[in-house]
>>> print(open('target.pdb').read())   # PDB, C-alpha atoms
ATOM      1  CA  MET A   1     -11.278  28.329   3.681  1.00  0.00           C
ATOM      2  CA  VAL A   2      -7.622  28.816   2.860  1.00  0.00           C
ATOM      3  CA  SER A   3      -6.762  28.969  -0.832  1.00  0.00           C
ATOM      4  CA  ALA A   4      -3.453  28.217  -2.487  1.00  0.00           C
ATOM      5  CA  GLN A   5      -3.136  31.937  -3.205  1.00  0.00           C
ATOM      6  CA  ASP A   6      -3.706  32.776   0.514  1.00  0.00           C
ATOM      7  CA  LEU A   7      -1.006  30.347   1.476  1.00  0.00           C
ATOM      8  CA  LYS A   8       1.363  31.836  -1.081  1.00  0.00           C
ATOM      9  CA  ASN A   9       0.667  35.294   0.365  1.00  0.00           C
ATOM     10  CA  TYR A  10       1.278  34.107   3.943  1.00  0.00           C
ATOM     11  CA  ILE A  11       4.625  32.613   2.948  1.00  0.00           C
ATOM     12  CA  THR A  12       5.817  35.630   0.964  1.00  0.00           C
ATOM     13  CA  GLN A  13       4.731  38.020   3.741  1.00  0.00           C
ATOM     14  CA  GLY A  14       6.731  36.120   6.325  1.00  0.00           C
ATOM     15  CA  LEU A  15       9.781  35.122   4.310  1.00  0.00           C
ATOM     16  CA  ALA A  16      11.832  36.842   1.616  1.00  0.00           C
ATOM     17  CA  CYS A  17      11.386  34.540  -1.362  1.00  0.00           C
ATOM     18  CA  GLU A  18      12.509  34.554  -4.962  1.00  0.00           C
ATOM     19  CA  HIS A  19       9.844  32.140  -6.044  1.00  0.00           C
ATOM     20  CA  VAL A  20       6.828  30.533  -4.397  1.00  0.00           C
ATOM     21  CA  GLN A  21       4.444  28.126  -6.025  1.00  0.00           C
ATOM     22  CA  VAL A  22       1.505  26.618  -4.140  1.00  0.00           C
ATOM     23  CA  LEU A  23      -0.870  23.977  -5.464  1.00  0.00           C
ATOM     24  CA  GLY A  24      -4.003  22.583  -3.839  1.00  0.00           C
ATOM     25  CA  ASP A  25      -7.673  23.425  -4.186  1.00  0.00           C
ATOM     26  CA  ASP A  26      -9.474  21.540  -1.392  1.00  0.00           C
ATOM     27  CA  GLY A  27      -8.665  24.109   1.318  1.00  0.00           C
ATOM     28  CA  GLN A  28      -6.734  21.585   3.406  1.00  0.00           C
ATOM     29  CA  HIS A  29      -4.002  19.870   1.442  1.00  0.00           C
ATOM     30  CA  PHE A  30      -1.314  21.913  -0.265  1.00  0.00           C
ATOM     31  CA  GLU A  31       1.966  21.417  -2.058  1.00  0.00           C
ATOM     32  CA  ALA A  32       4.485  24.225  -2.101  1.00  0.00           C
ATOM     33  CA  ILE A  33       7.792  24.987  -3.749  1.00  0.00           C
ATOM     34  CA  VAL A  34       9.689  27.752  -1.975  1.00  0.00           C
ATOM     35  CA  VAL A  35      12.906  29.353  -3.245  1.00  0.00           C
ATOM     36  CA  SER A  36      14.610  31.803  -0.886  1.00  0.00           C
ATOM     37  CA  PRO A  37      18.107  33.276  -0.532  1.00  0.00           C
ATOM     38  CA  LEU A  38      17.676  32.841   3.240  1.00  0.00           C
ATOM     39  CA  PHE A  39      18.015  29.065   2.748  1.00  0.00           C
ATOM     40  CA  VAL A  40      21.686  29.357   1.785  1.00  0.00           C
ATOM     41  CA  GLY A  41      23.884  27.486   4.267  1.00  0.00           C
ATOM     42  CA  LYS A  42      20.923  25.862   6.015  1.00  0.00           C
ATOM     43  CA  ASN A  43      19.964  22.205   6.040  1.00  0.00           C
ATOM     44  CA  MET A  44      16.535  20.982   4.953  1.00  0.00           C
ATOM     45  CA  VAL A  45      15.137  20.959   8.492  1.00  0.00           C
ATOM     46  CA  GLN A  46      16.185  24.583   9.024  1.00  0.00           C
ATOM     47  CA  GLN A  47      14.772  25.574   5.614  1.00  0.00           C
ATOM     48  CA  HIS A  48      11.391  24.036   6.375  1.00  0.00           C
ATOM     49  CA  GLN A  49      11.437  25.618   9.838  1.00  0.00           C
ATOM     50  CA  LEU A  50      11.764  29.050   8.200  1.00  0.00           C
ATOM     51  CA  VAL A  51       8.642  28.388   6.117  1.00  0.00           C
ATOM     52  CA  TYR A  52       6.742  27.071   9.153  1.00  0.00           C
ATOM     53  CA  GLN A  53       7.835  30.164  11.063  1.00  0.00           C
ATOM     54  CA  ALA A  54       6.436  32.388   8.292  1.00  0.00           C
ATOM     55  CA  LEU A  55       3.119  30.552   8.560  1.00  0.00           C
ATOM     56  CA  GLY A  56       3.101  30.748  12.369  1.00  0.00           C
ATOM     57  CA  ASP A  57      -0.162  29.765  14.061  1.00  0.00           C
ATOM     58  CA  ARG A  58      -1.847  29.269  10.711  1.00  0.00           C
ATOM     59  CA  MET A  59       0.104  26.039  10.376  1.00  0.00           C
ATOM     60  CA  ARG A  60      -1.546  24.830  13.560  1.00  0.00           C
ATOM     61  CA  GLU A  61      -5.037  26.193  13.034  1.00  0.00           C
ATOM     62  CA  GLU A  62      -5.910  26.491   9.355  1.00  0.00           C
ATOM     63  CA  ILE A  63      -3.637  24.285   7.324  1.00  0.00           C
ATOM     64  CA  HIS A  64      -4.095  20.577   7.712  1.00  0.00           C
ATOM     65  CA  ALA A  65      -1.435  19.318   5.376  1.00  0.00           C
ATOM     66  CA  LEU A  66       1.408  21.078   3.629  1.00  0.00           C
ATOM     67  CA  SER A  67       3.940  19.188   1.590  1.00  0.00           C
ATOM     68  CA  MET A  68       6.887  21.314   0.591  1.00  0.00           C
ATOM     69  CA  ARG A  69      10.180  21.390  -1.222  1.00  0.00           C
ATOM     70  CA  THR A  70      12.645  24.152  -0.470  1.00  0.00           C
ATOM     71  CA  PHE A  71      15.506  25.363  -2.660  1.00  0.00           C
ATOM     72  CA  THR A  72      18.237  27.968  -2.548  1.00  0.00           C
ATOM     73  CA  PRO A  73      18.191  30.185  -5.666  1.00  0.00           C
ATOM     74  CA  GLU A  74      21.315  28.383  -6.873  1.00  0.00           C
ATOM     75  CA  ALA A  75      19.836  24.896  -6.442  1.00  0.00           C
ATOM     76  CA  TRP A  76      16.592  26.032  -8.058  1.00  0.00           C
ATOM     77  CA  GLY A  77      18.493  27.471 -11.040  1.00  0.00           C
ATOM     78  CA  LYS A  78      20.407  24.226 -11.531  1.00  0.00           C
ATOM     79  CA  LEU A  79      17.223  22.176 -11.294  1.00  0.00           C
ATOM     80  CA  ASN A  80      15.502  24.291 -13.921  1.00  0.00           C
ATOM     81  CA  ASN A  81      18.466  24.064 -16.256  1.00  0.00           C
ATOM     82  CA  THR A  82      18.297  20.291 -16.181  1.00  0.00           C
ATOM     83  CA  LEU A  83      14.571  20.173 -16.925  1.00  0.00           C
TER      84      LEU A  83
ATOM     85  CA  MET B  84       8.883  12.836  34.126  1.00  0.00           C
ATOM     86  CA  ASP B  85       7.661  15.761  32.075  1.00  0.00           C
ATOM     87  CA  THR B  86       6.789  15.391  28.421  1.00  0.00           C
ATOM     88  CA  GLN B  87       9.972  16.927  27.029  1.00  0.00           C
ATOM     89  CA  GLU B  88      12.104  14.605  29.166  1.00  0.00           C
ATOM     90  CA  LEU B  89       9.952  11.648  28.167  1.00  0.00           C
ATOM     91  CA  ILE B  90      10.427  12.448  24.471  1.00  0.00           C
ATOM     92  CA  LYS B  91      14.144  12.888  24.943  1.00  0.00           C
ATOM     93  CA  SER B  92      14.327   9.511  26.612  1.00  0.00           C
ATOM     94  CA  GLN B  93      12.276   7.895  23.835  1.00  0.00           C
ATOM     95  CA  VAL B  94      14.439   9.241  21.012  1.00  0.00           C
ATOM     96  CA  THR B  95      17.753   8.536  22.714  1.00  0.00           C
ATOM     97  CA  SER B  96      17.007   5.029  23.987  1.00  0.00           C
ATOM     98  CA  ASN B  97      15.771   3.740  20.599  1.00  0.00           C
ATOM     99  CA  PRO B  98      17.830   3.928  17.378  1.00  0.00           C
ATOM    100  CA  VAL B  99      14.938   4.775  15.046  1.00  0.00           C
ATOM    101  CA  VAL B 100      11.787   6.488  16.321  1.00  0.00           C
ATOM    102  CA  LEU B 101       8.842   7.620  14.212  1.00  0.00           C
ATOM    103  CA  TYR B 102       6.158   9.820  15.767  1.00  0.00           C
ATOM    104  CA  MET B 103       3.078   9.270  13.664  1.00  0.00           C
ATOM    105  CA  LYS B 104      -0.699   9.372  13.559  1.00  0.00           C
ATOM    106  CA  GLY B 105      -1.968   5.823  13.943  1.00  0.00           C
ATOM    107  CA  SER B 106       0.147   2.676  13.789  1.00  0.00           C
ATOM    108  CA  PRO B 107       2.429   1.351  11.026  1.00  0.00           C
ATOM    109  CA  LYS B 108      -0.299  -1.138  10.074  1.00  0.00           C
ATOM    110  CA  PHE B 109      -3.103   1.408  10.322  1.00  0.00           C
ATOM    111  CA  PRO B 110      -1.746   4.897   9.707  1.00  0.00           C
ATOM    112  CA  GLN B 111      -4.381   7.604  10.243  1.00  0.00           C
ATOM    113  CA  CYS B 112      -2.843  10.170   7.900  1.00  0.00           C
ATOM    114  CA  GLY B 113      -1.343   9.986   4.421  1.00  0.00           C
ATOM    115  CA  PHE B 114       1.949  11.554   5.463  1.00  0.00           C
ATOM    116  CA  SER B 115       2.370   9.108   8.343  1.00  0.00           C
ATOM    117  CA  GLY B 116       1.620   6.229   5.976  1.00  0.00           C
ATOM    118  CA  LEU B 117       4.210   7.539   3.533  1.00  0.00           C
ATOM    119  CA  ALA B 118       6.807   7.799   6.302  1.00  0.00           C
ATOM    120  CA  VAL B 119       6.237   4.152   7.266  1.00  0.00           C
ATOM    121  CA  GLN B 120       6.524   3.064   3.632  1.00  0.00           C
ATOM    122  CA  ILE B 121       9.802   4.955   3.222  1.00  0.00           C
ATOM    123  CA  LEU B 122      11.280   3.302   6.328  1.00  0.00           C
ATOM    124  CA  GLN B 123      10.183  -0.139   5.122  1.00  0.00           C
ATOM    125  CA  ALA B 124      11.547   0.529   1.625  1.00  0.00           C
ATOM    126  CA  SER B 125      14.840   1.406   3.325  1.00  0.00           C
ATOM    127  CA  GLY B 126      14.879  -2.061   4.859  1.00  0.00           C
ATOM    128  CA  VAL B 127      13.884  -1.032   8.394  1.00  0.00           C
ATOM    129  CA  ASN B 128      10.902  -2.869   9.837  1.00  0.00           C
ATOM    130  CA  ASP B 129      11.589  -2.852  13.569  1.00  0.00           C
ATOM    131  CA  PHE B 130      11.580   0.867  14.235  1.00  0.00           C
ATOM    132  CA  THR B 131       9.844   2.357  17.264  1.00  0.00           C
ATOM    133  CA  ALA B 132       6.511   3.863  16.242  1.00  0.00           C
ATOM    134  CA  ILE B 133       4.769   6.217  18.656  1.00  0.00           C
ATOM    135  CA  ASP B 134       1.117   7.017  17.962  1.00  0.00           C
ATOM    136  CA  VAL B 135       0.593  10.669  18.899  1.00  0.00           C
ATOM    137  CA  LEU B 136      -3.181  10.273  18.643  1.00  0.00           C
ATOM    138  CA  ALA B 137      -3.006   8.018  21.688  1.00  0.00           C
ATOM    139  CA  ASP B 138      -1.334  10.697  23.839  1.00  0.00           C
ATOM    140  CA  PRO B 139      -2.282  14.387  23.595  1.00  0.00           C
ATOM    141  CA  ALA B 140       0.702  15.428  25.739  1.00  0.00           C
ATOM    142  CA  ILE B 141       3.124  13.777  23.304  1.00  0.00           C
ATOM    143  CA  ARG B 142       1.197  15.158  20.329  1.00  0.00           C
ATOM    144  CA  ASP B 143       1.702  18.732  21.551  1.00  0.00           C
ATOM    145  CA  GLY B 144       5.075  18.123  23.155  1.00  0.00           C
ATOM    146  CA  ILE B 145       6.734  16.682  20.061  1.00  0.00           C
ATOM    147  CA  LYS B 146       5.984  19.865  18.124  1.00  0.00           C
ATOM    148  CA  ILE B 147       7.844  21.870  20.737  1.00  0.00           C
ATOM    149  CA  TYR B 148      10.690  19.377  21.106  1.00  0.00           C
ATOM    150  CA  ALA B 149      11.934  19.782  17.519  1.00  0.00           C
ATOM    151  CA  ASN B 150      10.356  23.196  16.855  1.00  0.00           C
ATOM    152  CA  TRP B 151       8.449  21.408  14.113  1.00  0.00           C
ATOM    153  CA  PRO B 152       4.662  21.874  13.836  1.00  0.00           C
ATOM    154  CA  THR B 153       3.750  18.747  11.899  1.00  0.00           C
ATOM    155  CA  ILE B 154       3.652  14.978  12.240  1.00  0.00           C
ATOM    156  CA  PRO B 155       5.197  12.541  11.264  1.00  0.00           C
ATOM    157  CA  GLN B 156       8.645  13.202  12.697  1.00  0.00           C
ATOM    158  CA  LEU B 157      11.606  10.864  12.318  1.00  0.00           C
ATOM    159  CA  TYR B 158      14.474  10.606  14.816  1.00  0.00           C
ATOM    160  CA  ILE B 159      17.627   8.579  14.270  1.00  0.00           C
ATOM    161  CA  LYS B 160      19.924   8.088  17.268  1.00  0.00           C
ATOM    162  CA  GLY B 161      18.274  10.998  19.028  1.00  0.00           C
ATOM    163  CA  GLU B 162      18.636  13.400  16.133  1.00  0.00           C
ATOM    164  CA  PHE B 163      15.613  14.947  14.452  1.00  0.00           C
ATOM    165  CA  ILE B 164      15.841  14.054  10.755  1.00  0.00           C
ATOM    166  CA  GLY B 165      12.669  15.634   9.396  1.00  0.00           C
ATOM    167  CA  GLY B 166       9.085  15.101   8.326  1.00  0.00           C
ATOM    168  CA  ALA B 167       7.715  13.119   5.402  1.00  0.00           C
ATOM    169  CA  ASP B 168       8.981  15.521   2.712  1.00  0.00           C
ATOM    170  CA  ILE B 169      12.549  15.465   3.993  1.00  0.00           C
ATOM    171  CA  MET B 170      12.418  11.688   4.465  1.00  0.00           C
ATOM    172  CA  ARG B 171      11.349  11.361   0.823  1.00  0.00           C
ATOM    173  CA  ASP B 172      14.124  13.642  -0.427  1.00  0.00           C
ATOM    174  CA  LEU B 173      16.794  11.899   1.673  1.00  0.00           C
ATOM    175  CA  TYR B 174      15.511   8.516   0.505  1.00  0.00           C
ATOM    176  CA  GLN B 175      15.714   9.581  -3.151  1.00  0.00           C
ATOM    177  CA  GLN B 176      19.292  10.753  -2.563  1.00  0.00           C
ATOM    178  CA  GLY B 177      20.146   7.448  -0.868  1.00  0.00           C
ATOM    179  CA  GLU B 178      21.114   9.317   2.312  1.00  0.00           C
ATOM    180  CA  LEU B 179      18.289   8.032   4.493  1.00  0.00           C
ATOM    181  CA  GLN B 180      19.237   4.410   3.853  1.00  0.00           C
ATOM    182  CA  LYS B 181      22.823   5.188   4.970  1.00  0.00           C
ATOM    183  CA  LEU B 182      21.691   6.907   8.163  1.00  0.00           C
ATOM    184  CA  LEU B 183      19.318   4.049   8.982  1.00  0.00           C
ATOM    185  CA  GLN B 184      21.854   1.315   8.290  1.00  0.00           C
ATOM    186  CA  GLU B 185      24.405   2.983  10.551  1.00  0.00           C
ATOM    187  CA  ALA B 186      21.793   3.340  13.281  1.00  0.00           C
ATOM    188  CA  VAL B 187      20.528  -0.248  13.310  1.00  0.00           C
ATOM    189  CA  ALA B 188      23.890  -1.914  12.628  1.00  0.00           C
TER     190      ALA B 188
END
>>> encode(input="target.pdb", output="structure tokens")
Amino acid sequence: MVSAQDLKNYITQGLACEHVQVLGDDGQHFEAIVVSPLFVGKNMVQQHQLVYQALGDRMREEIHALSMRTFTPEAWGKLNNTL
Amino acid sequence: MDTQELIKSQVTSNPVVLYMKGSPKFPQCGFSGLAVQILQASGVNDFTAIDVLADPAIRDGIKIYANWPTIPQLYIKGEFIGGADIMRDLYQQGELQKLLQEAVA
């Protein structure tokens, strides 16, 4: 069974990230926040595609449902300053 | 017609197309249900819904078409907009409503 920590490892192994947070403890449904400098200049579809690419076949075979929000480091910094 | 051509024809001949699991009335997955709710909250009720569970070729083909491994997938005027997460974000920004209104106007 895939854990949130496994998923976090898969993402960080496949994508250079500044911050990754993964929640979910039923082995199938996960929520992720991913902050990466590689997202700069890309739209949301392209950002999510980078995360899916990092997960590769696992997305098809092991992970039933992944909800995610992606941020550039700048957008993430602004968001945290307003919280 | 092969599957990729069929998908292309579906998304370009209808203004708003949602590929989903199940039907708008009976979605078979939480994300598909959320996508339907977001479209309805945006004032769009007559979108084209395609149930991927009813057609394995479409179910696999749609993932290749947009290089996107998950369902639901929303297309507006032939353009891939995103999955449920992106729909939610665009809706919260008010952008999805604008795109939809332009498409069905």
>>> resolve_selection(input="target.pdb", expression="the PyMOL selection byres ((chain A and resi 74) around 12)", output="list of chain:residue names")
A:Glu18, A:Val35, A:Ser36, A:Pro37, A:Leu38, A:Phe39, A:Val40, A:Gly41, A:Thr70, A:Phe71, A:Thr72, A:Pro73, A:Ala75, A:Trp76, A:Gly77, A:Lys78, A:Leu79, A:Asn80, A:Asn81
>>> interface_residues(input="target.pdb", of="chain B", to="chain A", cutoff="12 Å", atoms="only C-alpha atoms", output="ChimeraX atom specification")
/B:112-115,117,143,146,149-157,162-173
>>> atom_distance(input="target.pdb", atom1="CA of Arg142 in chain B", atom2="CA of Ala54 in chain A")
21.7 Å
>>> atom_distance(input="target.pdb", atom1="CA of Asn43 in chain A", atom2="CA of Leu182 in chain B")
15.5 Å
>>> resolve_selection(input="target.pdb", expression="the PyMOL selection byres ((chain B and resi 87-90) around 12)", output="VMD selection string")
chain B and resid 84 to 86 91 to 97 100 to 102 133 135 138 140 to 150 156 158 161 to 163
>>> closest_residue(input="target.pdb", among="B:Ser125, B:Ala118, B:Met103, B:Leu136", to="Glu178 in chain B", atoms="all atoms listed in the file")
B:Ser125
>>> axis_aligned_box(input="target.pdb", around="range 25-34 of chain A", padding_each_side="8 Å", output="lines of an AutoDock Vina configuration file")
center_x = 0.1
center_y = 23.8
center_z = -0.4
size_x = 35.2
size_y = 23.9
size_z = 23.6
>>> atom_distance(input="target.pdb", atom1="CA of Lys104 in chain B", atom2="CA of Arg58 in chain A")
20.1 Å
>>> closest_residue(input="target.pdb", among="A:Glu61, A:Gly24, A:Ala16, A:Ala32", to="Ala4 in chain A", atoms="only C-alpha atoms")
A:Gly24
>>> resolve_selection(input="target.pdb", expression="the PyMOL selection byres ((chain B and resi 108) around 12)", output="PyMOL selection string")
chain B and resi 103-107+109-112+115-117+119-120+123+128+132+134
>>> residues_around(input="target.pdb", residues="range 186-188 of chain B", least_positions_apart="2", cutoff="10 Å", atoms="only C-alpha atoms", output="PyMOL selection string")
chain B and resi 97-99+127+129-130+159-160+180-184
>>> build_atoms(input="target.pdb", residues="range 108-119 of chain B", atoms="all heavy atoms", output="tab-separated table (two decimals), in the coordinates of the input")
chain	number	residue	atom	x	y	z
B	108	LYS	N	0.68	-0.35	10.83
B	108	LYS	CA	-0.30	-1.14	10.07
B	108	LYS	C	-1.52	-0.33	9.70
B	108	LYS	O	-2.13	-0.55	8.64
B	108	LYS	CB	-0.73	-2.36	10.89
B	108	LYS	CG	0.23	-3.52	10.72
B	108	LYS	CD	-0.34	-4.80	11.31
B	108	LYS	CE	0.65	-5.94	11.09
B	108	LYS	NZ	0.46	-7.01	12.05
B	109	PHE	N	-1.91	0.60	10.58
B	109	PHE	CA	-3.10	1.41	10.32
B	109	PHE	C	-2.81	2.89	10.50
B	109	PHE	O	-3.29	3.51	11.46
B	109	PHE	CB	-4.25	0.97	11.24
B	109	PHE	CG	-4.67	-0.46	11.05
B	109	PHE	CD1	-4.28	-1.43	11.96
B	109	PHE	CD2	-5.43	-0.83	9.95
B	109	PHE	CE1	-4.65	-2.77	11.78
B	109	PHE	CE2	-5.79	-2.15	9.77
B	109	PHE	CZ	-5.40	-3.13	10.68
B	110	PRO	N	-2.03	3.47	9.59
B	110	PRO	CA	-1.75	4.90	9.71
B	110	PRO	C	-3.04	5.71	9.52
B	110	PRO	O	-3.88	5.34	8.70
B	110	PRO	CB	-0.74	5.16	8.58
B	110	PRO	CG	-0.78	3.98	7.68
B	110	PRO	CD	-1.37	2.83	8.45
B	111	GLN	N	-3.15	6.80	10.29
B	111	GLN	CA	-4.38	7.60	10.24
B	111	GLN	C	-4.19	8.88	9.43
B	111	GLN	O	-5.02	9.79	9.52
B	111	GLN	CB	-4.80	7.98	11.67
B	111	GLN	CG	-5.11	6.78	12.55
B	111	GLN	CD	-6.33	6.01	12.07
B	111	GLN	OE1	-7.35	6.61	11.75
B	111	GLN	NE2	-6.22	4.69	11.99
B	112	CYS	N	-3.11	8.96	8.67
B	112	CYS	CA	-2.84	10.17	7.90
B	112	CYS	C	-1.92	9.77	6.76
B	112	CYS	O	-1.06	8.90	6.93
B	112	CYS	CB	-2.17	11.22	8.79
B	112	CYS	SG	-1.36	12.54	7.89
B	113	GLY	N	-2.13	10.36	5.59
B	113	GLY	CA	-1.34	9.99	4.42
B	113	GLY	C	0.15	10.19	4.60
B	113	GLY	O	0.96	9.37	4.16
B	114	PHE	N	0.52	11.27	5.28
B	114	PHE	CA	1.95	11.55	5.46
B	114	PHE	C	2.59	10.53	6.40
B	114	PHE	O	3.72	10.11	6.19
B	114	PHE	CB	2.17	12.96	6.02
B	114	PHE	CG	1.81	14.05	5.05
B	114	PHE	CD1	0.70	14.85	5.26
B	114	PHE	CD2	2.59	14.29	3.94
B	114	PHE	CE1	0.37	15.86	4.37
B	114	PHE	CE2	2.27	15.30	3.04
B	114	PHE	CZ	1.15	16.08	3.26
B	115	SER	N	1.85	10.14	7.44
B	115	SER	CA	2.37	9.11	8.34
B	115	SER	C	2.52	7.78	7.61
B	115	SER	O	3.50	7.06	7.79
B	115	SER	CB	1.44	8.94	9.55
B	115	SER	OG	1.55	10.04	10.42
B	116	GLY	N	1.54	7.46	6.76
B	116	GLY	CA	1.62	6.23	5.98
B	116	GLY	C	2.82	6.24	5.05
B	116	GLY	O	3.54	5.25	4.90
B	117	LEU	N	3.06	7.40	4.43
B	117	LEU	CA	4.21	7.54	3.53
B	117	LEU	C	5.52	7.34	4.30
B	117	LEU	O	6.44	6.66	3.83
B	117	LEU	CB	4.18	8.93	2.88
B	117	LEU	CG	5.37	9.28	2.00
B	117	LEU	CD1	5.44	8.37	0.78
B	117	LEU	CD2	5.31	10.74	1.56
B	118	ALA	N	5.59	7.92	5.50
B	118	ALA	CA	6.81	7.80	6.30
B	118	ALA	C	7.10	6.33	6.62
B	118	ALA	O	8.25	5.89	6.55
B	118	ALA	CB	6.66	8.61	7.59
B	119	VAL	N	6.07	5.58	6.97
B	119	VAL	CA	6.24	4.15	7.27
B	119	VAL	C	6.73	3.42	6.02
B	119	VAL	O	7.67	2.61	6.08
B	119	VAL	CB	4.90	3.54	7.76
B	119	VAL	CG1	5.00	2.02	7.83
B	119	VAL	CG2	4.53	4.10	9.13
